[in-house]
Structures are given as structure tokens and as C-alpha cells.
>>> print(open('query-v1.cif').read())   # mmCIF, C-alpha atoms and all ligand atoms
data_target
loop_
_atom_site.label_atom_id
_atom_site.label_comp_id
_atom_site.auth_asym_id
_atom_site.auth_seq_id
_atom_site.Cartn_x
_atom_site.Cartn_y
_atom_site.Cartn_z
CA MET A 260 0.00 0.00 0.00
CA SER A 261 1.32 3.45 -0.88
CA TRP A 262 1.92 5.96 1.92
CA GLY A 263 -0.98 8.13 0.78
CA LEU A 264 -3.38 5.22 0.66
CA GLN A 265 -2.37 4.05 4.14
CA ASN A 266 -2.61 7.57 5.48
CA ARG A 267 -6.11 8.09 4.06
CA LEU A 268 -7.21 4.69 5.36
CA ALA A 269 -6.03 5.79 8.82
CA HIS A 270 -8.38 8.80 8.56
CA ILE A 271 -11.29 6.41 8.04
CA ILE A 272 -10.40 3.57 10.43
CA LYS A 273 -8.78 5.01 13.55
CA PRO A 274 -5.35 3.41 14.10
CA LYS A 275 -5.58 3.67 17.93
CA ASN A 276 -8.06 0.74 17.98
CA ASN A 277 -8.70 -0.09 14.30
CA ARG A 278 -12.33 0.92 14.70
CA THR A 279 -14.61 3.44 13.03
CA VAL A 280 -18.01 5.05 13.32
CA MET A 281 -18.96 6.15 9.83
CA LEU A 282 -22.12 8.19 9.35
CA ALA A 283 -23.90 7.17 6.14
CA ILE A 284 -25.88 10.03 4.63
CA ASP A 285 -25.67 9.05 0.97
CA HIS A 286 -29.21 7.63 0.69
CA GLY A 287 -30.47 10.42 -1.57
CA TYR A 288 -28.34 9.21 -4.47
CA PHE A 289 -31.13 6.80 -5.39
CA LEU A 290 -33.88 7.56 -2.83
CA GLY A 291 -34.13 11.35 -3.25
CA PRO A 292 -35.24 13.29 -0.15
CA THR A 293 -35.00 10.47 2.40
CA THR A 294 -36.77 10.92 5.76
CA GLY A 295 -34.39 12.67 8.12
CA LEU A 296 -32.24 14.04 5.30
CA GLU A 297 -34.72 16.49 3.76
CA LYS A 298 -32.51 19.37 4.91
CA PRO A 299 -29.10 17.72 4.95
CA ARG A 300 -27.17 20.57 6.58
CA LYS A 301 -29.61 20.66 9.49
CA THR A 302 -29.14 16.92 10.02
CA ILE A 303 -25.39 16.83 9.52
CA GLU A 304 -24.15 19.85 11.53
CA PRO A 305 -25.12 18.76 15.04
CA ILE A 306 -23.66 15.26 14.65
CA ARG A 307 -20.78 15.44 12.22
CA ASP A 308 -18.16 15.88 14.96
CA TYR A 309 -19.20 12.59 16.56
CA ALA A 310 -18.55 10.69 13.31
CA ASP A 311 -15.09 9.40 12.39
CA THR A 312 -16.07 9.69 8.73
CA LEU A 313 -18.99 11.03 6.70
CA MET A 314 -20.14 8.91 3.75
CA LEU A 315 -22.06 11.04 1.28
CA THR A 316 -22.45 12.21 -2.31
CA ARG A 317 -20.61 15.15 -3.85
CA GLY A 318 -23.86 17.13 -4.15
CA ILE A 319 -24.49 16.96 -0.42
CA LEU A 320 -20.82 17.52 0.37
CA ARG A 321 -20.73 20.73 -1.68
CA THR A 322 -24.07 22.12 -0.57
CA SER A 323 -24.39 20.96 3.00
CA VAL A 324 -20.98 20.46 4.60
CA ASP A 325 -18.78 23.38 5.61
CA PRO A 326 -15.45 23.12 3.72
CA LEU A 327 -13.71 23.90 7.03
CA CYS A 328 -15.13 20.70 8.51
CA SER A 329 -12.30 18.35 9.50
CA THR A 330 -14.31 15.10 9.54
CA PRO A 331 -12.88 12.79 6.85
CA ILE A 332 -15.06 12.10 3.84
CA VAL A 333 -15.82 8.86 2.02
CA LEU A 334 -17.44 9.89 -1.23
CA ARG A 335 -20.18 7.79 -2.84
CA VAL A 336 -19.06 7.48 -6.46
CA SER A 337 -21.51 4.95 -7.85
CA GLY A 338 -24.98 5.81 -9.08
CA GLY A 339 -27.06 6.42 -12.15
CA THR A 340 -30.22 4.63 -11.00
CA SER A 341 -33.21 5.51 -8.83
CA ILE A 342 -35.65 3.62 -6.65
CA LEU A 343 -37.89 3.58 -9.77
CA SER A 344 -35.46 1.51 -11.86
CA PRO A 345 -33.32 -1.63 -11.46
CA LEU A 346 -30.84 -0.48 -8.82
CA SER A 347 -28.06 -2.80 -9.90
CA ASN A 348 -27.57 -0.90 -13.18
CA GLU A 349 -25.05 1.52 -11.63
CA GLY A 350 -22.02 3.17 -13.16
CA ILE A 351 -19.16 5.20 -11.71
CA SER A 352 -20.64 8.65 -11.14
CA VAL A 353 -17.63 10.75 -10.07
CA ASP A 354 -14.26 11.10 -11.70
CA MET A 355 -11.27 10.30 -9.46
CA GLU A 356 -9.80 13.77 -10.17
CA GLU A 357 -12.96 15.33 -8.77
CA ALA A 358 -12.71 13.10 -5.69
CA ILE A 359 -9.15 14.33 -5.18
CA ARG A 360 -10.25 17.97 -5.64
CA LEU A 361 -12.82 17.38 -2.92
CA ASN A 362 -9.98 16.10 -0.72
CA VAL A 363 -11.74 12.87 0.18
CA SER A 364 -10.20 10.12 2.31
CA GLY A 365 -11.90 7.34 0.35
CA VAL A 366 -14.48 6.51 -2.29
CA ALA A 367 -17.43 4.11 -2.07
CA LEU A 368 -19.25 2.09 -4.68
CA SER A 369 -21.94 -0.61 -4.56
CA ILE A 370 -21.60 -4.10 -5.96
CA PHE A 371 -24.65 -6.21 -6.77
CA VAL A 372 -23.60 -9.85 -6.60
CA GLY A 373 -26.16 -12.23 -8.11
CA SER A 374 -28.11 -9.41 -9.78
CA GLU A 375 -28.81 -8.72 -13.43
CA HIS A 376 -25.87 -6.28 -13.51
CA GLU A 377 -23.44 -8.25 -11.37
CA ARG A 378 -20.62 -8.19 -13.94
CA GLN A 379 -20.95 -4.47 -14.62
CA SER A 380 -20.91 -3.57 -10.92
CA LEU A 381 -17.90 -5.80 -10.23
CA LEU A 382 -15.99 -4.33 -13.15
CA ASN A 383 -16.91 -0.84 -11.88
CA LEU A 384 -15.19 -1.88 -8.65
CA THR A 385 -12.04 -3.07 -10.40
CA LYS A 386 -11.81 0.18 -12.41
CA LEU A 387 -12.21 2.22 -9.27
CA VAL A 388 -9.60 0.18 -7.41
CA ASP A 389 -7.14 0.70 -10.30
CA GLN A 390 -7.70 4.46 -10.06
CA GLY A 391 -7.61 4.39 -6.28
CA GLU A 392 -4.24 2.62 -6.37
CA ARG A 393 -2.96 5.15 -8.90
CA TYR A 394 -3.83 8.15 -6.70
CA GLY A 395 -3.65 6.61 -3.22
CA ILE A 396 -7.40 6.68 -2.51
CA PRO A 397 -8.93 3.72 -0.59
CA VAL A 398 -12.05 2.09 -2.03
CA LEU A 399 -14.97 0.96 0.09
CA ALA A 400 -17.21 -1.63 -1.60
CA VAL A 401 -20.83 -1.78 -0.45
CA THR A 402 -22.43 -5.21 -0.85
CA ALA A 403 -25.88 -4.03 -1.93
CA VAL A 404 -28.65 -6.56 -1.46
CA GLY A 405 -31.56 -6.77 -3.86
CA ARG A 406 -35.00 -7.62 -2.49
CA GLU A 407 -34.65 -11.15 -3.87
CA MET A 408 -31.33 -11.89 -2.08
CA THR A 409 -31.23 -13.66 1.28
CA ARG A 410 -29.04 -11.80 3.73
CA ASP A 411 -27.39 -14.92 5.10
CA SER A 412 -23.74 -15.59 5.88
CA ARG A 413 -23.27 -17.64 2.73
CA TYR A 414 -24.45 -14.88 0.43
CA LEU A 415 -22.86 -11.98 2.33
CA GLY A 416 -19.65 -14.01 2.76
CA LEU A 417 -19.55 -14.50 -1.00
CA CYS A 418 -20.09 -10.77 -1.67
CA CYS A 419 -17.50 -9.60 0.89
CA ARG A 420 -14.86 -12.05 -0.29
CA ILE A 421 -15.37 -11.11 -3.95
CA ALA A 422 -15.12 -7.41 -3.07
CA ALA A 423 -11.84 -8.02 -1.23
CA GLU A 424 -10.47 -10.29 -3.99
CA LEU A 425 -11.17 -7.55 -6.54
CA GLY A 426 -9.17 -5.09 -4.47
CA ALA A 427 -11.57 -3.21 -2.15
CA HIS A 428 -9.75 -1.82 0.87
CA ILE A 429 -12.84 -1.84 3.13
CA VAL A 430 -16.13 -3.69 2.71
CA LYS A 431 -19.50 -2.53 3.95
CA THR A 432 -22.14 -5.20 4.40
CA TYR A 433 -25.06 -6.25 6.59
CA TYR A 434 -24.98 -8.09 9.88
CA CYS A 435 -26.42 -11.62 9.75
CA GLU A 436 -26.45 -14.83 11.74
CA GLY A 437 -23.02 -16.46 11.50
CA PHE A 438 -21.44 -13.06 10.83
CA GLU A 439 -18.13 -14.16 12.36
CA LYS A 440 -17.67 -16.45 9.32
CA VAL A 441 -18.23 -13.53 6.96
CA VAL A 442 -15.53 -11.57 8.81
CA GLU A 443 -13.15 -14.52 9.04
CA ASN A 444 -13.27 -15.12 5.30
CA CYS A 445 -12.77 -11.49 4.32
CA PRO A 446 -9.14 -10.31 4.37
CA VAL A 447 -10.00 -6.60 4.62
CA PRO A 448 -11.84 -4.65 7.36
CA ILE A 449 -15.64 -4.87 7.41
CA VAL A 450 -18.14 -2.22 8.53
CA ILE A 451 -21.85 -2.84 8.80
CA ALA A 452 -24.81 -0.81 7.58
CA GLY A 453 -27.59 -0.26 10.09
CA GLY A 454 -30.47 -1.02 7.73
CA LYS A 455 -33.96 0.37 8.19
CA LYS A 456 -34.86 2.20 11.39
CA VAL A 457 -35.48 -0.04 14.38
CA PRO A 458 -35.81 0.81 18.10
CA GLU A 459 -32.58 2.27 19.49
CA ARG A 460 -31.75 -0.68 21.74
CA ASP A 461 -32.05 -3.06 18.75
CA ALA A 462 -29.75 -0.89 16.62
CA LEU A 463 -27.21 -0.81 19.44
CA GLN A 464 -27.51 -4.59 19.77
CA LEU A 465 -26.78 -4.93 16.05
CA ALA A 466 -23.66 -2.76 16.36
CA TYR A 467 -22.53 -4.68 19.44
CA GLN A 468 -22.94 -8.09 17.81
CA ALA A 469 -21.13 -6.99 14.68
CA ILE A 470 -18.18 -5.73 16.75
CA GLN A 471 -18.12 -8.95 18.79
CA CYS A 472 -17.93 -10.89 15.51
CA GLY A 473 -14.93 -8.86 14.33
CA ALA A 474 -16.36 -5.94 12.35
CA CYS A 475 -14.17 -2.85 12.61
CA GLY A 476 -17.16 -0.59 12.99
CA VAL A 477 -20.37 0.67 11.51
CA ASP A 478 -21.37 2.80 8.56
CA MET A 479 -24.78 3.62 9.97
CA GLY A 480 -27.38 5.96 8.56
CA ARG A 481 -31.11 5.74 9.27
CA ASN A 482 -30.73 4.38 12.79
CA ILE A 483 -28.85 7.55 13.63
CA PHE A 484 -30.38 10.34 11.56
CA GLN A 485 -33.98 9.07 11.82
CA CYS A 486 -33.66 8.76 15.60
CA GLU A 487 -35.55 11.49 17.49
CA ASN A 488 -32.18 12.40 19.00
CA PRO A 489 -29.39 11.69 16.51
CA ALA A 490 -26.63 13.23 18.68
CA ALA A 491 -27.50 10.95 21.60
CA MET A 492 -27.70 7.92 19.33
CA ILE A 493 -24.38 8.42 17.57
CA GLN A 494 -22.63 8.86 20.92
CA ALA A 495 -24.18 5.60 22.15
CA VAL A 496 -22.96 3.84 18.99
CA ARG A 497 -19.49 5.31 19.60
CA ALA A 498 -19.52 3.90 23.13
CA ILE A 499 -19.95 0.40 21.67
CA VAL A 500 -17.47 0.79 18.84
CA HIS A 501 -14.74 2.77 20.59
CA GLU A 502 -15.20 2.11 24.30
CA ASN A 503 -16.26 -1.55 24.18
CA LYS A 504 -19.43 -0.77 26.14
CA ASN A 505 -22.16 -3.41 26.18
CA VAL A 506 -25.68 -2.81 24.91
CA GLY A 507 -27.11 -1.97 28.36
CA GLU A 508 -24.39 0.59 29.06
CA ALA A 509 -24.73 2.18 25.62
CA TYR A 510 -28.51 2.34 25.93
CA ASP A 511 -28.26 3.96 29.37
CA LEU A 512 -25.90 6.53 27.84
CA PHE A 513 -28.40 7.13 25.03
CA GLU A 514 -31.21 7.66 27.55
CA SER A 515 -29.22 10.07 29.69
CA LEU A 516 -27.97 12.08 26.70
CA ARG A 517 -31.44 12.13 25.17
CA ARG A 518 -32.84 13.77 28.30
CA ASN A 519 -30.11 16.41 28.27
CA TYR A 520 -30.45 17.60 24.64
C1 LIG B 601 -26.89 2.32 0.38
C2 LIG B 601 -25.87 2.64 1.40
C3 LIG B 601 -26.33 3.34 2.64
O1 LIG B 601 -25.35 4.25 2.98
C4 LIG B 601 -26.48 2.27 3.68
O2 LIG B 601 -27.62 1.55 3.47
C5 LIG B 601 -26.23 2.72 5.12
O3 LIG B 601 -27.25 3.27 5.69
P1 LIG B 601 -28.28 2.55 6.66
O4 LIG B 601 -27.56 2.39 7.97
O5 LIG B 601 -29.39 3.55 6.68
O6 LIG B 601 -28.65 1.20 6.07
O7 LIG B 601 -24.71 2.37 1.27
O8 LIG B 601 -26.37 1.36 -0.49
#
>>> encode(input="query-v1.cif", output="C-alpha cells", more="lines below")
Ligand code: 5RP
Amino acid sequence: MSWGLQNRLAHIIKPKNNRTVMLAIDHGYFLGPTTGLEKPRKTIEPIRDYADTLMLTRGILRTSVDPLCSTPIVLRVSGGTSILSPLSNEGISVDMEEAIRLNVSGVALSIFVGSEHERQSLLNLTKLVDQGERYGIPVLAVTAVGREMTRDSRYLGLCCRIAAELGAHIVKTYYCEGFEKVVENCPVPIVIAGGKKVPERDALQLAYQAIQCGACGVDMGRNIFQCENPAAMIQAVRAIVHENKNVGEAYDLFESLRRNY
């Protein structure tokens, strides 16, 4: 790994404990004005300093994040589809030069294993990794799951391993039963998505279990920004990821912070 690539990776995954709390706010790239992100700046500003990394699109970065913000950025660079069309038909949506101009610490792209456009999405990943290696920019591969895919350890293990084999530096996937096998068989760090909004204790449980199974952190969106108190929730997630708190301790923290905001 080149010095630049290692250095940027260290912005995303904190070297002190090899963990990260990424805040995913890229949903609009195919969902449009997602609940909780209608006014992105209003959502992002109060919580961005609690995130180790923000994962978002260039449109939201330019319009809704202060350029003086020091939180590292992982830029979503795949897209081209909407919720109204087959999602797997993505292309690379941002040039690597533009990513560099935006001073990002990494780029993110979805792969759609087993879908109609599997080959295209995997070759998008290899092109991006080639460019990432050229310029020292780490690539995060998101294992997107179509409605028809079962989110089990066999399927997610397949997706994560393929992403790593094709050169991804970090993989983002979903927690599932037998998740330790998914982690064991993937030679690069794994972060988990939170998925759709669930009660806070359940989301904290998900983060806790993923960490216990060897994930290096979370790249969580809706369970933070759709929470009635996003600042309290992201701090509770941090307690699990960075302070090895258990679910009860993190939930108590959430409750006490929630009352104070
Ligand atoms: C979509 C994504 C989203 O960022 C991802 O789903 C994370 O957000 P959430 O925690 O809301 O699931 O990568 O492909």
C-alpha cells in the first residue's frame, strides 16, 4: 500500500483501535429526499463531529458540509439509477480527479452480486480500485442486497470475499447470523450498515454483535439520523465501537444524553 493510501485509510479507520463510526448520509443518491435528510445541513451539523467519517455524495458535500469541517469524507461514487429503476444498473458517477479535488479520504461504490448487472458492478469496482491505487485513494465496496437476495452468511460471505479479492480496501455489508464467518473469510476490514430504522436498543444490539464478531465498525445511517435524538444515538454507537461498552451501558448513555439535549 502506498503511503498516501495508508494515510487516508487511517483517517477512516482510527489506528488507535482499528475501529470506526462512519455516518452514512448518501441515501439520496437513489432515494431522493430520504426521511431525516430532507434538509441535509440541518441533520449533519449537530452530529458530524461525533462521526469518524462522513459517507455522502458530492452534491451533499458541496451544498451541505462546511469546507472547514475536519471530519474525513468517504465519497459515494456509484450511481445512475433511482428507486424507480433496477438499482443494480449503476455506473461510476464521479471522476477520481474530482474526488481528489474534494480532498476525500476514500471513495465508495456498490456491488450487486447475483443481480442482473453483477458483472458491470464488479468491473466498476475493479476500475475504481485501479484508479484508487494510482492516486492513493482507498475504495470501500458496499455489498448491496436486492429484495430477492437472502441476507445470510453464505451470500454476504460471497459478496465480501469477492469485493476483497477484486481489491476493495474496506467492505461494507449487513450483519447476519453467523457473521463471524463472513468476517473470518474477508481479508479486509468490514463495517456494517444499520439497515432500516429499528428501536434504538435493537440498533445498538446490532452494532454490538457486529463488533463482537470482528467488524471494525459501523457505517450507519437511518438508525442515527432518523432517531428522534441523533446526537445521543451516535454517541451511544461510539460507546460500543470505541469504548467496548455493552448494549445496556450504551442504551443507558443514550437515555441520559437524550434527556439532556
Ligand atoms: C446504500 C448505502 C447506505 O449508505 C447504507 O444503506 C447505510 O445506511 P443505513 O444504515 O441507513 O442502512 O450504502 O447502499
>>> residues_near_ligand(input="query-v1.cif", ligand="ligand LIG 601 (chain B)", cutoff="9 Å", atoms="only C-alpha atoms and all ligand atoms", output="short mmCIF file (atom, residue, chain, number, x, y, z; two decimals) with C-alpha atoms, in the frame of the given file")
data_model
loop_
_atom_site.label_atom_id
_atom_site.label_comp_id
_atom_site.auth_asym_id
_atom_site.auth_seq_id
_atom_site.Cartn_x
_atom_site.Cartn_y
_atom_site.Cartn_z
CA LEU A 282 -22.12 8.19 9.35
CA ALA A 283 -23.90 7.17 6.14
CA ILE A 284 -25.88 10.03 4.63
CA ASP A 285 -25.67 9.05 0.97
CA HIS A 286 -29.21 7.63 0.69
CA TYR A 288 -28.34 9.21 -4.47
CA PHE A 289 -31.13 6.80 -5.39
CA MET A 314 -20.14 8.91 3.75
CA LEU A 315 -22.06 11.04 1.28
CA ARG A 335 -20.18 7.79 -2.84
CA ALA A 367 -17.43 4.11 -2.07
CA LEU A 368 -19.25 2.09 -4.68
CA SER A 369 -21.94 -0.61 -4.56
CA ALA A 400 -17.21 -1.63 -1.60
CA VAL A 401 -20.83 -1.78 -0.45
CA THR A 402 -22.43 -5.21 -0.85
CA ALA A 403 -25.88 -4.03 -1.93
CA VAL A 404 -28.65 -6.56 -1.46
CA LYS A 431 -19.50 -2.53 3.95
CA THR A 432 -22.14 -5.20 4.40
CA TYR A 433 -25.06 -6.25 6.59
CA ILE A 451 -21.85 -2.84 8.80
CA ALA A 452 -24.81 -0.81 7.58
CA GLY A 453 -27.59 -0.26 10.09
CA GLY A 454 -30.47 -1.02 7.73
CA LYS A 455 -33.96 0.37 8.19
CA LYS A 456 -34.86 2.20 11.39
CA VAL A 477 -20.37 0.67 11.51
CA ASP A 478 -21.37 2.80 8.56
CA MET A 479 -24.78 3.62 9.97
CA GLY A 480 -27.38 5.96 8.56
CA ARG A 481 -31.11 5.74 9.27
CA ASN A 482 -30.73 4.38 12.79
CA ILE A 483 -28.85 7.55 13.63
CA PHE A 484 -30.38 10.34 11.56
CA GLN A 485 -33.98 9.07 11.82
#
>>> residues_around(input="query-v1.cif", residues="Lys386 of chain A", least_positions_apart="5", cutoff="9 Å", atoms="all atoms listed in the file", output="MDAnalysis selection string")
chainID A and resid 351 381 391
>>> residues_around(input="query-v1.cif", residues="segment 299-301 of chain A", least_positions_apart="5", cutoff="12 Å", atoms="all atoms listed in the file", output="PDB file with C-alpha atoms, keeping the file's coordinate frame")
ATOM      1  CA  ALA A 283     -23.900   7.170   6.140  1.00  0.00           C
ATOM      2  CA  ILE A 284     -25.880  10.030   4.630  1.00  0.00           C
ATOM      3  CA  ASP A 285     -25.670   9.050   0.970  1.00  0.00           C
ATOM      4  CA  HIS A 286     -29.210   7.630   0.690  1.00  0.00           C
ATOM      5  CA  GLY A 287     -30.470  10.420  -1.570  1.00  0.00           C
ATOM      6  CA  GLY A 291     -34.130  11.350  -3.250  1.00  0.00           C
ATOM      7  CA  PRO A 292     -35.240  13.290  -0.150  1.00  0.00           C
ATOM      8  CA  THR A 293     -35.000  10.470   2.400  1.00  0.00           C
ATOM      9  CA  THR A 294     -36.770  10.920   5.760  1.00  0.00           C
ATOM     10  CA  ILE A 306     -23.660  15.260  14.650  1.00  0.00           C
ATOM     11  CA  ARG A 307     -20.780  15.440  12.220  1.00  0.00           C
ATOM     12  CA  LEU A 315     -22.060  11.040   1.280  1.00  0.00           C
ATOM     13  CA  THR A 316     -22.450  12.210  -2.310  1.00  0.00           C
ATOM     14  CA  GLY A 318     -23.860  17.130  -4.150  1.00  0.00           C
ATOM     15  CA  ILE A 319     -24.490  16.960  -0.420  1.00  0.00           C
ATOM     16  CA  LEU A 320     -20.820  17.520   0.370  1.00  0.00           C
ATOM     17  CA  ARG A 321     -20.730  20.730  -1.680  1.00  0.00           C
ATOM     18  CA  THR A 322     -24.070  22.120  -0.570  1.00  0.00           C
ATOM     19  CA  SER A 323     -24.390  20.960   3.000  1.00  0.00           C
ATOM     20  CA  VAL A 324     -20.980  20.460   4.600  1.00  0.00           C
ATOM     21  CA  ASP A 325     -18.780  23.380   5.610  1.00  0.00           C
ATOM     22  CA  PHE A 484     -30.380  10.340  11.560  1.00  0.00           C
ATOM     23  CA  PRO A 489     -29.390  11.690  16.510  1.00  0.00           C
TER      24      PRO A 489
END
>>> closest_residue(input="query-v1.cif", among="A:Arg278, A:Ala310, A:Val336, A:His376", to="Ala469 of chain A", atoms="all atoms listed in the file")
A:Arg278
>>> atom_distance(input="query-v1.cif", atom1="atom CA of Pro305 of chain A", atom2="atom CA of Leu463 of chain A")
20.2 Å
>>> atom_distance(input="query-v1.cif", atom1="atom CA of Glu349 of chain A", atom2="atom CA of Ser374 of chain A")
11.5 Å
>>> residues_around(input="query-v1.cif", residues="Ser352 of chain A", least_positions_apart="2", cutoff="8 Å", atoms="only C-alpha atoms", output="count of residues only")
6
>>> closest_residue(input="query-v1.cif", among="A:Pro448, A:Glu424, A:Tyr510, A:Ile499", to="Asp461 of chain A", atoms="all atoms listed in the file")
A:Tyr510
>>> atom_distance(input="query-v1.cif", atom1="atom CA of Phe513 of chain A", atom2="atom CA of His501 of chain A")
15.0 Å
>>> residues_around(input="query-v1.cif", residues="Arg393 of chain A", least_positions_apart="3", cutoff="10 Å", atoms="all atoms listed in the file", output="VMD selection string")
chain A and resid 261 264 355 387 to 390 396
>>> write_last_selection(input="query-v1.cif", atoms="C-alpha atoms", output="tab-separated table (two decimals), in the coordinates of the input")
chain	number	residue	atom	x	y	z
A	261	SER	CA	1.32	3.45	-0.88
A	264	LEU	CA	-3.38	5.22	0.66
A	355	MET	CA	-11.27	10.30	-9.46
A	387	LEU	CA	-12.21	2.22	-9.27
A	388	VAL	CA	-9.60	0.18	-7.41
A	389	ASP	CA	-7.14	0.70	-10.30
A	390	GLN	CA	-7.70	4.46	-10.06
A	396	ILE	CA	-7.40	6.68	-2.51
>>> axis_aligned_box(input="query-v1.cif", around="segment 417-432 of chain A", padding_each_side="5 Å", output="lines of an AutoDock Vina configuration file")
center_x = -15.7
center_y = -8.2
center_z = -1.1
size_x = 23.0
size_y = 22.7
size_z = 20.9
>>> decode(input="query-v1.cif", residues="segment 294-303 of chain A", atoms="all heavy atoms", output="mmCIF file, in the first residue's frame")
data_model
loop_
_atom_site.group_PDB
_atom_site.id
_atom_site.type_symbol
_atom_site.label_atom_id
_atom_site.label_comp_id
_atom_site.auth_asym_id
_atom_site.auth_seq_id
_atom_site.Cartn_x
_atom_site.Cartn_y
_atom_site.Cartn_z
ATOM 1 N N THR A 294 -36.333 10.436 4.437
ATOM 2 C CA THR A 294 -36.773 10.919 5.755
ATOM 3 C C THR A 294 -35.564 11.150 6.668
ATOM 4 O O THR A 294 -34.729 10.256 6.828
ATOM 5 C CB THR A 294 -37.726 9.882 6.414
ATOM 6 O OG1 THR A 294 -38.783 9.633 5.506
ATOM 7 C CG2 THR A 294 -38.258 10.381 7.752
ATOM 8 N N GLY A 295 -35.493 12.316 7.223
ATOM 9 C CA GLY A 295 -34.387 12.665 8.123
ATOM 10 C C GLY A 295 -33.285 13.422 7.388
ATOM 11 O O GLY A 295 -32.436 14.048 8.016
ATOM 12 N N LEU A 296 -33.281 13.340 6.071
ATOM 13 C CA LEU A 296 -32.236 14.039 5.300
ATOM 14 C C LEU A 296 -32.840 15.087 4.351
ATOM 15 O O LEU A 296 -32.215 15.470 3.375
ATOM 16 C CB LEU A 296 -31.426 13.032 4.465
ATOM 17 C CG LEU A 296 -30.477 12.099 5.222
ATOM 18 C CD1 LEU A 296 -29.800 11.117 4.267
ATOM 19 C CD2 LEU A 296 -29.414 12.897 5.981
ATOM 20 N N GLU A 297 -34.066 15.514 4.650
ATOM 21 C CA GLU A 297 -34.719 16.492 3.761
ATOM 22 C C GLU A 297 -33.897 17.772 3.701
ATOM 23 O O GLU A 297 -33.770 18.400 2.661
ATOM 24 C CB GLU A 297 -36.141 16.817 4.257
ATOM 25 C CG GLU A 297 -37.110 15.637 4.223
ATOM 26 C CD GLU A 297 -37.108 14.831 5.522
ATOM 27 O OE1 GLU A 297 -36.156 14.994 6.335
ATOM 28 O OE2 GLU A 297 -38.039 14.044 5.717
ATOM 29 N N LYS A 298 -33.384 18.188 4.851
ATOM 30 C CA LYS A 298 -32.506 19.371 4.910
ATOM 31 C C LYS A 298 -31.170 18.873 5.433
ATOM 32 O O LYS A 298 -30.906 18.898 6.650
ATOM 33 C CB LYS A 298 -33.085 20.436 5.842
ATOM 34 C CG LYS A 298 -34.452 20.942 5.416
ATOM 35 C CD LYS A 298 -34.589 22.404 5.750
ATOM 36 C CE LYS A 298 -35.937 22.978 5.342
ATOM 37 N NZ LYS A 298 -36.389 22.632 4.006
ATOM 38 N N PRO A 299 -30.303 18.417 4.517
ATOM 39 C CA PRO A 299 -29.097 17.721 4.945
ATOM 40 C C PRO A 299 -28.226 18.501 5.935
ATOM 41 O O PRO A 299 -27.743 17.956 6.918
ATOM 42 C CB PRO A 299 -28.357 17.450 3.637
ATOM 43 C CG PRO A 299 -29.406 17.514 2.578
ATOM 44 C CD PRO A 299 -30.421 18.482 3.061
ATOM 45 N N ARG A 300 -28.061 19.798 5.689
ATOM 46 C CA ARG A 300 -27.172 20.569 6.578
ATOM 47 C C ARG A 300 -27.682 20.544 8.022
ATOM 48 O O ARG A 300 -26.917 20.390 8.974
ATOM 49 C CB ARG A 300 -27.054 22.011 6.072
ATOM 50 C CG ARG A 300 -26.041 22.840 6.850
ATOM 51 C CD ARG A 300 -25.920 24.249 6.300
ATOM 52 N NE ARG A 300 -25.196 24.315 5.052
ATOM 53 C CZ ARG A 300 -23.873 24.450 4.942
ATOM 54 N NH1 ARG A 300 -23.128 24.522 6.024
ATOM 55 N NH2 ARG A 300 -23.300 24.518 3.763
ATOM 56 N N LYS A 301 -28.996 20.655 8.145
ATOM 57 C CA LYS A 301 -29.613 20.663 9.488
ATOM 58 C C LYS A 301 -29.370 19.330 10.203
ATOM 59 O O LYS A 301 -29.166 19.271 11.414
ATOM 60 C CB LYS A 301 -31.120 20.901 9.317
ATOM 61 C CG LYS A 301 -31.726 21.642 10.449
ATOM 62 C CD LYS A 301 -33.156 22.003 10.144
ATOM 63 C CE LYS A 301 -33.923 21.930 11.466
ATOM 64 N NZ LYS A 301 -35.309 21.676 11.302
ATOM 65 N N THR A 302 -29.371 18.248 9.437
ATOM 66 C CA THR A 302 -29.137 16.924 10.023
ATOM 67 C C THR A 302 -27.657 16.743 10.357
ATOM 68 O O THR A 302 -27.304 16.231 11.412
ATOM 69 C CB THR A 302 -29.559 15.813 9.024
ATOM 70 O OG1 THR A 302 -30.916 16.035 8.674
ATOM 71 C CG2 THR A 302 -29.389 14.419 9.616
ATOM 72 N N ILE A 303 -26.812 17.159 9.410
ATOM 73 C CA ILE A 303 -25.387 16.831 9.517
ATOM 74 C C ILE A 303 -24.685 17.653 10.609
ATOM 75 O O ILE A 303 -23.901 17.114 11.390
ATOM 76 C CB ILE A 303 -24.688 17.050 8.147
ATOM 77 C CG1 ILE A 303 -25.262 16.104 7.093
ATOM 78 C CG2 ILE A 303 -23.173 16.862 8.262
ATOM 79 C CD1 ILE A 303 -24.908 16.470 5.646
#
